[in-house]
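Participant: Structure file final-v3.cif (mmCIF, C-alpha atoms) is given on the next line.
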```cif
data_entry
loop_
_atom_site.label_atom_id
_atom_site.label_comp_id
_atom_site.auth_asym_id
_atom_site.auth_seq_id
_atom_site.Cartn_x
_atom_site.Cartn_y
_atom_site.Cartn_z
CA MET T 545 -163.29 -216.51 32.10
CA LYS T 546 -161.05 -213.91 33.77
CA ARG T 547 -164.08 -212.38 35.46
CA GLU T 548 -165.21 -215.81 36.70
CA MET T 549 -161.75 -216.49 38.15
CA GLN T 550 -161.81 -213.11 39.90
CA ARG T 551 -165.12 -214.02 41.50
CA LEU T 552 -163.69 -217.30 42.76
CA VAL T 553 -161.07 -215.35 44.71
CA SER T 554 -163.44 -212.51 45.63
CA SER T 555 -163.00 -210.83 49.00
CA ASP T 556 -166.77 -211.17 49.49
CA PRO T 557 -167.24 -214.60 51.16
CA PHE T 558 -170.79 -214.99 49.91
CA GLU T 559 -169.84 -214.06 46.34
CA ARG T 560 -167.03 -216.58 46.44
CA ALA T 561 -169.33 -219.26 47.87
CA VAL T 562 -171.84 -218.70 45.06
CA MET T 563 -169.18 -219.11 42.38
CA LEU T 564 -167.90 -222.28 44.02
CA ALA T 565 -171.47 -223.54 44.16
CA LEU T 566 -171.82 -222.98 40.40
CA VAL T 567 -168.63 -224.95 39.84
CA GLU T 568 -170.17 -227.84 41.77
CA ILE T 569 -173.53 -227.60 40.02
CA SER T 570 -172.33 -227.78 36.41
CA ALA T 571 -169.17 -228.35 34.42
CA VAL T 572 -170.62 -226.42 31.46
CA ASP T 573 -169.53 -222.77 31.27
CA ALA T 574 -172.67 -221.72 29.40
CA THR T 575 -174.91 -223.28 32.07
CA ARG T 576 -172.97 -221.54 34.82
CA ARG T 577 -173.39 -218.21 33.04
CA GLU T 578 -177.15 -218.77 32.75
CA TYR T 579 -177.40 -219.61 36.45
CA ARG T 580 -175.24 -216.61 37.29
CA ARG T 581 -177.55 -214.28 35.33
CA ASP T 582 -180.55 -215.72 37.17
CA PHE T 583 -178.77 -215.16 40.47
CA GLU T 584 -177.87 -211.57 39.55
CA LEU T 585 -181.54 -210.88 38.80
CA TRP T 586 -182.35 -212.11 42.31
CA LEU T 587 -179.61 -209.87 43.72
CA ALA T 588 -181.05 -206.90 41.85
CA PHE T 589 -184.41 -207.55 43.51
CA CYS T 590 -182.71 -207.91 46.91
CA GLY T 591 -180.91 -204.61 46.44
CA GLU T 592 -184.06 -202.76 45.40
CA ASN T 593 -186.11 -204.10 48.30
CA GLY T 594 -183.64 -204.44 51.16
CA VAL T 595 -183.75 -208.24 51.17
CA ASP T 596 -180.97 -210.16 52.92
CA ARG T 597 -179.46 -212.37 50.21
CA VAL T 598 -178.07 -214.84 52.79
CA ALA T 599 -181.20 -215.18 54.90
CA PRO T 600 -184.16 -213.62 53.05
CA GLN T 601 -187.16 -212.93 55.23
CA ASP T 602 -190.40 -214.88 54.88
CA GLY T 603 -192.27 -213.89 51.75
CA ALA T 604 -189.21 -212.49 49.96
CA VAL T 605 -189.05 -215.24 47.34
CA ALA T 606 -192.79 -215.01 46.65
CA ALA T 607 -192.35 -211.24 46.32
CA TRP T 608 -189.56 -211.84 43.80
CA VAL T 609 -191.91 -213.93 41.68
CA GLU T 610 -194.47 -211.11 41.73
CA TRP T 611 -191.69 -208.64 40.91
CA MET T 612 -190.83 -210.70 37.80
CA LYS T 613 -194.50 -210.81 36.83
CA LEU T 614 -194.66 -207.02 36.99
CA LYS T 615 -191.68 -206.90 34.67
CA SER T 616 -193.52 -209.23 32.24
CA HIS T 617 -191.14 -212.16 32.60
CA ALA T 618 -192.74 -215.30 31.14
CA SER T 619 -193.92 -218.06 33.46
CA LYS T 620 -191.39 -220.47 31.93
CA SER T 621 -188.59 -218.02 32.73
CA ARG T 622 -189.85 -217.57 36.28
CA ALA T 623 -190.03 -221.33 36.81
CA ARG T 624 -186.55 -221.84 35.39
CA ARG T 625 -185.09 -219.14 37.63
CA MET T 626 -186.73 -220.63 40.70
CA SER T 627 -185.16 -223.97 39.80
CA ALA T 628 -181.76 -222.36 39.21
CA LEU T 629 -181.83 -220.47 42.51
CA SER T 630 -182.96 -223.60 44.32
CA SER T 631 -179.92 -225.45 42.96
CA ILE T 632 -177.58 -222.65 44.03
CA TYR T 633 -178.99 -222.32 47.54
CA ARG T 634 -179.12 -226.08 47.95
CA GLU T 635 -175.39 -226.18 47.30
CA LEU T 636 -174.84 -223.20 49.61
CA ARG T 637 -176.76 -225.02 52.31
CA ARG T 638 -174.71 -228.16 51.78
CA LYS T 639 -171.61 -226.02 52.30
CA ARG T 640 -173.27 -224.50 55.39
CA VAL T 641 -173.11 -221.00 53.93
CA VAL T 642 -176.87 -220.57 54.44
CA ALA T 643 -179.18 -222.21 56.97
CA VAL T 644 -182.11 -222.91 54.64
CA ASN T 645 -182.88 -223.06 50.95
CA PRO T 646 -185.61 -220.42 50.51
CA PHE T 647 -186.26 -221.58 46.93
CA SER T 648 -186.82 -225.27 47.62
CA ILE T 649 -190.21 -226.89 47.21
CA ASP T 650 -190.22 -227.82 50.90
CA GLU T 651 -188.95 -224.55 52.39
CA GLY T 652 -189.92 -222.00 49.78
CA PRO T 653 -193.25 -220.74 48.41
CA LYS T 654 -195.60 -222.97 46.47
CA ARG T 655 -194.34 -223.29 42.91
CA GLU T 656 -196.52 -221.71 40.30
CA ARG T 657 -197.66 -223.83 37.41
CA VAL T 658 -196.07 -222.96 34.09
CA SER T 659 -198.75 -221.48 31.91
CA VAL T 660 -199.98 -224.03 29.39
CA ASP T 661 -200.82 -221.28 26.92
CA GLU T 662 -197.12 -220.59 26.35
CA PRO T 663 -195.93 -223.76 24.55
CA THR T 664 -192.82 -223.54 22.40
CA GLN T 665 -193.92 -223.25 18.80
CA VAL T 666 -192.60 -225.81 16.34
CA ALA T 667 -190.37 -224.60 13.52
CA THR T 668 -192.30 -225.74 10.45
CA PRO T 669 -190.40 -226.87 7.33
CA ASP T 670 -191.49 -223.69 5.51
CA MET T 671 -190.12 -221.56 8.34
CA VAL T 672 -186.80 -223.43 8.34
CA ARG T 673 -186.48 -223.24 4.57
CA ALA T 674 -186.99 -219.47 4.78
CA LEU T 675 -184.42 -219.31 7.57
CA LEU T 676 -181.87 -221.15 5.46
CA ALA T 677 -182.61 -218.94 2.46
CA ALA T 678 -181.69 -215.94 4.61
CA CYS T 679 -178.20 -217.35 5.20
CA ASP T 680 -175.85 -215.92 2.58
CA GLU T 681 -172.46 -217.19 1.36
CA THR T 682 -170.43 -215.05 3.75
CA PRO T 683 -168.50 -216.85 6.53
CA LEU T 684 -171.19 -215.98 9.09
CA GLY T 685 -173.88 -217.01 6.64
CA LEU T 686 -172.22 -220.40 6.22
CA ARG T 687 -171.92 -220.67 10.00
CA ASP T 688 -175.56 -219.86 10.61
CA ALA T 689 -176.75 -222.24 7.89
CA ALA T 690 -174.65 -225.00 9.45
CA MET T 691 -176.09 -224.31 12.92
CA VAL T 692 -179.64 -224.39 11.56
CA ARG T 693 -179.03 -227.64 9.71
CA VAL T 694 -177.38 -229.26 12.73
CA LEU T 695 -180.15 -228.15 15.10
CA TRP T 696 -182.84 -229.37 12.71
CA SER T 697 -181.19 -232.76 12.20
CA THR T 698 -180.18 -233.47 15.80
CA GLY T 699 -182.62 -231.62 18.06
CA MET T 700 -179.76 -230.53 20.31
CA ARG T 701 -180.22 -227.94 23.02
CA ARG T 702 -178.31 -224.68 22.60
CA VAL T 703 -175.87 -225.59 25.35
CA SER T 704 -175.08 -228.89 23.64
CA LEU T 705 -174.58 -227.21 20.27
CA LEU T 706 -172.14 -224.71 21.75
CA SER T 707 -170.22 -227.47 23.51
CA MET T 708 -169.13 -228.95 20.18
CA THR T 709 -165.35 -229.01 19.72
CA ALA T 710 -163.12 -230.32 16.94
CA GLU T 711 -161.43 -232.71 19.36
CA ARG T 712 -164.73 -234.41 20.25
CA MET T 713 -165.84 -235.13 16.68
CA GLN T 714 -165.09 -238.28 14.75
CA LYS T 715 -165.78 -239.36 11.21
CA ASP T 716 -168.60 -241.83 10.62
CA HIS T 717 -169.58 -243.57 7.38
CA MET T 718 -172.69 -241.34 7.38
CA GLY T 719 -171.03 -238.12 8.47
CA TRP T 720 -169.85 -236.93 11.88
CA ILE T 721 -170.41 -238.24 15.37
CA ALA T 722 -170.03 -235.41 17.86
CA THR T 723 -169.79 -235.94 21.59
CA VAL T 724 -171.53 -232.99 23.21
CA VAL T 725 -172.41 -231.95 26.74
CA LYS T 726 -176.11 -232.17 27.48
CA LYS T 727 -178.11 -230.56 30.27
CA GLY T 728 -176.68 -231.61 33.62
CA GLY T 729 -173.12 -231.89 32.33
CA GLU T 730 -173.33 -235.45 30.98
CA ASN T 731 -171.92 -236.45 27.60
CA GLN T 732 -174.12 -237.41 24.68
CA ARG T 733 -173.39 -238.55 21.12
CA VAL T 734 -175.16 -237.04 18.14
CA LEU T 735 -174.97 -238.09 14.50
CA ILE T 736 -174.65 -235.28 11.94
CA ARG T 737 -175.44 -236.53 8.46
CA GLY T 738 -176.84 -235.49 5.09
CA LYS T 739 -177.14 -231.78 4.37
CA ALA T 740 -176.25 -230.95 7.97
CA ARG T 741 -172.93 -232.75 7.48
CA ASP T 742 -172.36 -230.89 4.19
CA ALA T 743 -173.15 -227.52 5.77
CA LEU T 744 -170.92 -228.32 8.74
CA ASP T 745 -168.06 -229.32 6.44
CA ARG T 746 -168.30 -225.96 4.66
CA TRP T 747 -168.10 -224.16 7.99
CA LEU T 748 -165.21 -226.34 9.17
CA ALA T 749 -163.35 -225.36 5.99
CA VAL T 750 -163.86 -221.69 6.91
CA LEU T 751 -162.47 -222.35 10.38
CA LYS T 752 -159.48 -224.23 8.99
CA GLU T 753 -158.72 -221.42 6.55
CA GLY T 754 -158.77 -219.02 9.50
CA GLY T 755 -156.38 -221.16 11.54
CA LEU T 756 -159.11 -222.43 13.89
CA ALA T 757 -158.97 -226.16 13.27
CA THR T 758 -159.09 -227.00 16.99
CA GLY T 759 -161.30 -226.02 19.91
CA PRO T 760 -164.92 -224.84 19.83
CA ILE T 761 -166.72 -225.29 16.51
CA TRP T 762 -169.01 -222.28 16.66
CA ARG T 763 -167.22 -218.93 16.55
CA THR T 764 -167.92 -215.22 16.21
CA LYS T 765 -166.55 -213.12 13.34
CA SER T 766 -163.48 -212.36 15.47
CA GLY T 767 -162.89 -216.05 16.20
CA ARG T 768 -164.12 -216.01 19.79
CA PRO T 769 -166.32 -218.96 20.92
CA LEU T 770 -169.99 -218.19 20.38
CA GLU T 771 -172.13 -217.62 23.49
CA LEU T 772 -175.81 -218.36 24.11
CA ARG T 773 -176.99 -214.79 23.65
CA GLU T 774 -174.99 -214.47 20.44
CA LEU T 775 -176.53 -217.67 19.12
CA ASN T 776 -180.00 -216.28 19.77
CA ARG T 777 -179.12 -212.99 18.10
CA ALA T 778 -177.66 -214.78 15.08
CA MET T 779 -180.90 -216.71 14.62
CA ALA T 780 -183.02 -213.61 15.12
CA ARG T 781 -181.07 -211.77 12.41
CA ARG T 782 -181.97 -214.47 9.92
CA ALA T 783 -185.60 -214.92 10.97
CA LYS T 784 -187.32 -213.29 13.92
CA ASP T 785 -189.98 -216.00 14.14
CA VAL T 786 -187.62 -218.99 14.63
CA SER T 787 -185.64 -219.77 17.78
CA PRO T 788 -183.10 -222.56 18.40
CA HIS T 789 -185.52 -224.33 20.73
CA MET T 790 -188.19 -224.37 18.03
CA LEU T 791 -185.80 -226.48 15.95
CA ARG T 792 -185.53 -228.93 18.85
CA VAL T 793 -189.32 -229.20 18.89
CA ALA T 794 -189.23 -229.77 15.12
CA PHE T 795 -186.82 -232.68 15.59
CA LEU T 796 -189.27 -234.39 17.93
CA THR T 797 -192.29 -233.50 15.77
CA TYR T 798 -191.16 -234.47 12.26
CA ASN T 799 -188.80 -237.35 13.09
CA PRO T 800 -190.38 -240.69 12.08
CA ALA T 801 -188.19 -242.73 14.45
CA GLY T 802 -189.77 -244.52 17.39
CA LEU T 803 -190.45 -242.75 20.66
CA GLU T 804 -187.68 -244.58 22.48
CA ALA T 805 -185.05 -243.59 19.93
CA LYS T 806 -186.20 -239.98 19.92
CA GLN T 807 -186.10 -239.80 23.69
CA GLU T 808 -182.52 -241.04 23.77
CA ALA T 809 -181.48 -238.82 20.88
CA ALA T 810 -182.96 -235.79 22.60
CA GLY T 811 -181.27 -236.63 25.91
CA HIS T 812 -184.56 -237.13 27.73
CA SER T 813 -185.15 -239.67 30.52
CA ASP T 814 -186.41 -242.92 29.04
CA PRO T 815 -189.40 -244.43 30.87
CA ALA T 816 -188.94 -247.87 29.31
CA THR T 817 -187.39 -250.20 31.85
CA THR T 818 -186.03 -252.47 29.09
CA ARG T 819 -183.45 -249.82 28.28
CA LEU T 820 -181.83 -250.47 31.67
CA TYR T 821 -180.78 -253.91 30.44
CA ASP T 822 -179.26 -252.82 27.14
CA ARG T 823 -176.16 -250.70 27.69
CA ALA T 824 -174.32 -251.58 24.51
CA SER T 825 -176.78 -250.31 21.91
CA TRP T 826 -177.16 -246.75 20.74
CA ARG T 827 -180.84 -246.46 19.96
CA GLY T 828 -180.55 -242.71 19.52
CA ARG T 829 -178.71 -243.29 16.24
CA GLN T 830 -181.97 -244.51 14.68
CA ALA T 831 -183.53 -241.07 15.25
CA PHE T 832 -180.54 -239.25 13.73
CA GLU T 833 -180.52 -241.56 10.70
CA GLN T 834 -184.25 -241.17 10.05
CA MET T 835 -184.55 -237.39 10.47
CA PRO T 836 -185.56 -236.11 7.01
CA GLU T 837 -184.01 -233.11 5.33
CA VAL T 838 -186.11 -229.97 5.69
CA GLU T 839 -186.69 -229.93 1.92
CA ASP T 840 -188.25 -233.40 2.10
CA VAL T 841 -190.93 -232.63 4.67
#
```
For the file at hand, write its structure as structure tokens.

Facilitator:
Amino acid sequence: MKREMQRLVSSDPFERAVMLALVEISAVDATRREYRRDFELWLAFCGENGVDRVAPQDGAVAAWVEWMKLKSHASKSRARRMSALSSIYRELRRKRVVAVNPFSIDEGPKRERVSVDEPTQVATPDMVRALLAACDETPLGLRDAAMVRVLWSTGMRRVSLLSMTAERMQKDHMGWIATVVKKGGENQRVLIRGKARDALDRWLAVLKEGGLATGPIWRTKSGRPLELRELNRAMARRAKDVSPHMLRVAFLTYNPAGLEAKQEAAGHSDPATTRLYDRASWRGRQAFEQMPEVEDV
């Protein structure tokens, strides 16, 4: 956070403008950090190739894509970075820091299609059971088991999981209702029940014993809030073949709830126009209630 504040008051006008743009784009610190890393990769390319970061010459963005291909960056990663840079430069253009958005669909190069042979694999029940078996009874083992259970039972994105705080959780007759921040900075409710609730309660007891009964739920061994990269590393230590996003895919694959409920639970856009007329109901709850335990699949 200190480093981010320093950038906001940076003597470099462009650096300061970029940080202010990130503030406008998202209210989620983790999302800002991801966008910042994407931007720094672009800056590395600019530095290596003499590209003007404010007004890159024609062909520079296309060359950056080829540069990432040479470095074996996956097509999904390239597409995500193009989208992130487009958001940043769109905001910079709105602030009149740059004249054009070189990453936009209209002004930038033709977007490459994400390779269809790189779909996210689903975390099968056997894989998740093995992952849970690798979580021991140490504090970090209890933490990781709770994260796995919560991800399996809710299908949350990593950013949403890490946005969980004690202050934004409330007791429900089936467990916990957590208000998390989904992609785009909007709030979303998730229901944590069954074995996920039990695993979370065990981890909350560890936090309480350590004097961390408030603030972010997911912590490192030292008590610092967990970051995205640390979440990925924690999962990889338990099982190299399972990622957090694979658990999100599992939620949508093995959940017997209806499509509409799953879409709302996952925070996706709902194509059904009838939903526009029903603002009081919480259809997503149906998906959380019906998600089976991993041992039952």

Participant: Kindly provide, as an mmCIF file with C-alpha atoms, in the coordinates of the input, the polymer residues lying within 10 Å of (-184.7, -228.0, 45.0), counting all atoms listed in the file and using the coordinates exactly as they appear in the file.

Facilitator:
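Listing of out.cif after writing:
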```cif
data_model
loop_
_atom_site.group_PDB
_atom_site.id
_atom_site.type_symbol
_atom_site.label_atom_id
_atom_site.label_comp_id
_atom_site.auth_asym_id
_atom_site.auth_seq_id
_atom_site.Cartn_x
_atom_site.Cartn_y
_atom_site.Cartn_z
ATOM 1 C CA MET T 626 -186.730 -220.630 40.700
ATOM 2 C CA SER T 627 -185.160 -223.970 39.800
ATOM 3 C CA ALA T 628 -181.760 -222.360 39.210
ATOM 4 C CA LEU T 629 -181.830 -220.470 42.510
ATOM 5 C CA SER T 630 -182.960 -223.600 44.320
ATOM 6 C CA SER T 631 -179.920 -225.450 42.960
ATOM 7 C CA ILE T 632 -177.580 -222.650 44.030
ATOM 8 C CA TYR T 633 -178.990 -222.320 47.540
ATOM 9 C CA ARG T 634 -179.120 -226.080 47.950
ATOM 10 C CA GLU T 635 -175.390 -226.180 47.300
ATOM 11 C CA ASN T 645 -182.880 -223.060 50.950
ATOM 12 C CA PRO T 646 -185.610 -220.420 50.510
ATOM 13 C CA PHE T 647 -186.260 -221.580 46.930
ATOM 14 C CA SER T 648 -186.820 -225.270 47.620
ATOM 15 C CA ILE T 649 -190.210 -226.890 47.210
ATOM 16 C CA ASP T 650 -190.220 -227.820 50.900
ATOM 17 C CA GLU T 651 -188.950 -224.550 52.390
ATOM 18 C CA GLY T 652 -189.920 -222.000 49.780
#
```

Participant: For the file shown, what are the residues hit by the PyMOL selection byres ((chain T and resi 712-719) around 10), laid out as a ChimeraX atom specification?

Facilitator: /T:707-711,720-724,733-742,744-745,758-761,833

Participant: As a check of understanding, name the residues that the PyMOL selection byres ((chain T and resi 834-839) around 10) selects in the supplied structure, as a PyMOL selection string.

Facilitator: chain T and resi 668-673+676+693+696-699+737-740+794-796+798-802+806+829-833+840-841

Participant: For this file, the PyMOL selection byres ((chain T and resi 585) around 12) selects which residues, as a PyMOL selection string?

Facilitator: chain T and resi 578-584+586-592+597+608-609+611-612+615+617+621-622+625-626+628-629

Participant: Which residue is closest to T:Val786? Choose from T:Lys752, T:Gln732, T:Gln807, T:Gln665 and count only C-alpha atoms.

Facilitator: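 Smallest separation from T:Val786 among the options: T:Gln665.
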
Participant: Atom CA of T:Leu706 and atom CA of T:Asn776 are how many Å apart?

Facilitator: 11.7 Å

Participant: Taking all atoms listed in the file into account, which of T:Val644, T:Leu695, T:Leu775, T:Leu564 comes nearest T:Arg792?

Facilitator: T:Leu695

Participant: Here is a test: counting all atoms listed in the file, which residue of T:Ala805, T:Ala643, T:Ala574, T:Leu614 is nearest to T:Leu705?

Facilitator: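 The shortest atom-to-atom distance to T:Leu705 comes from T:Ala574.
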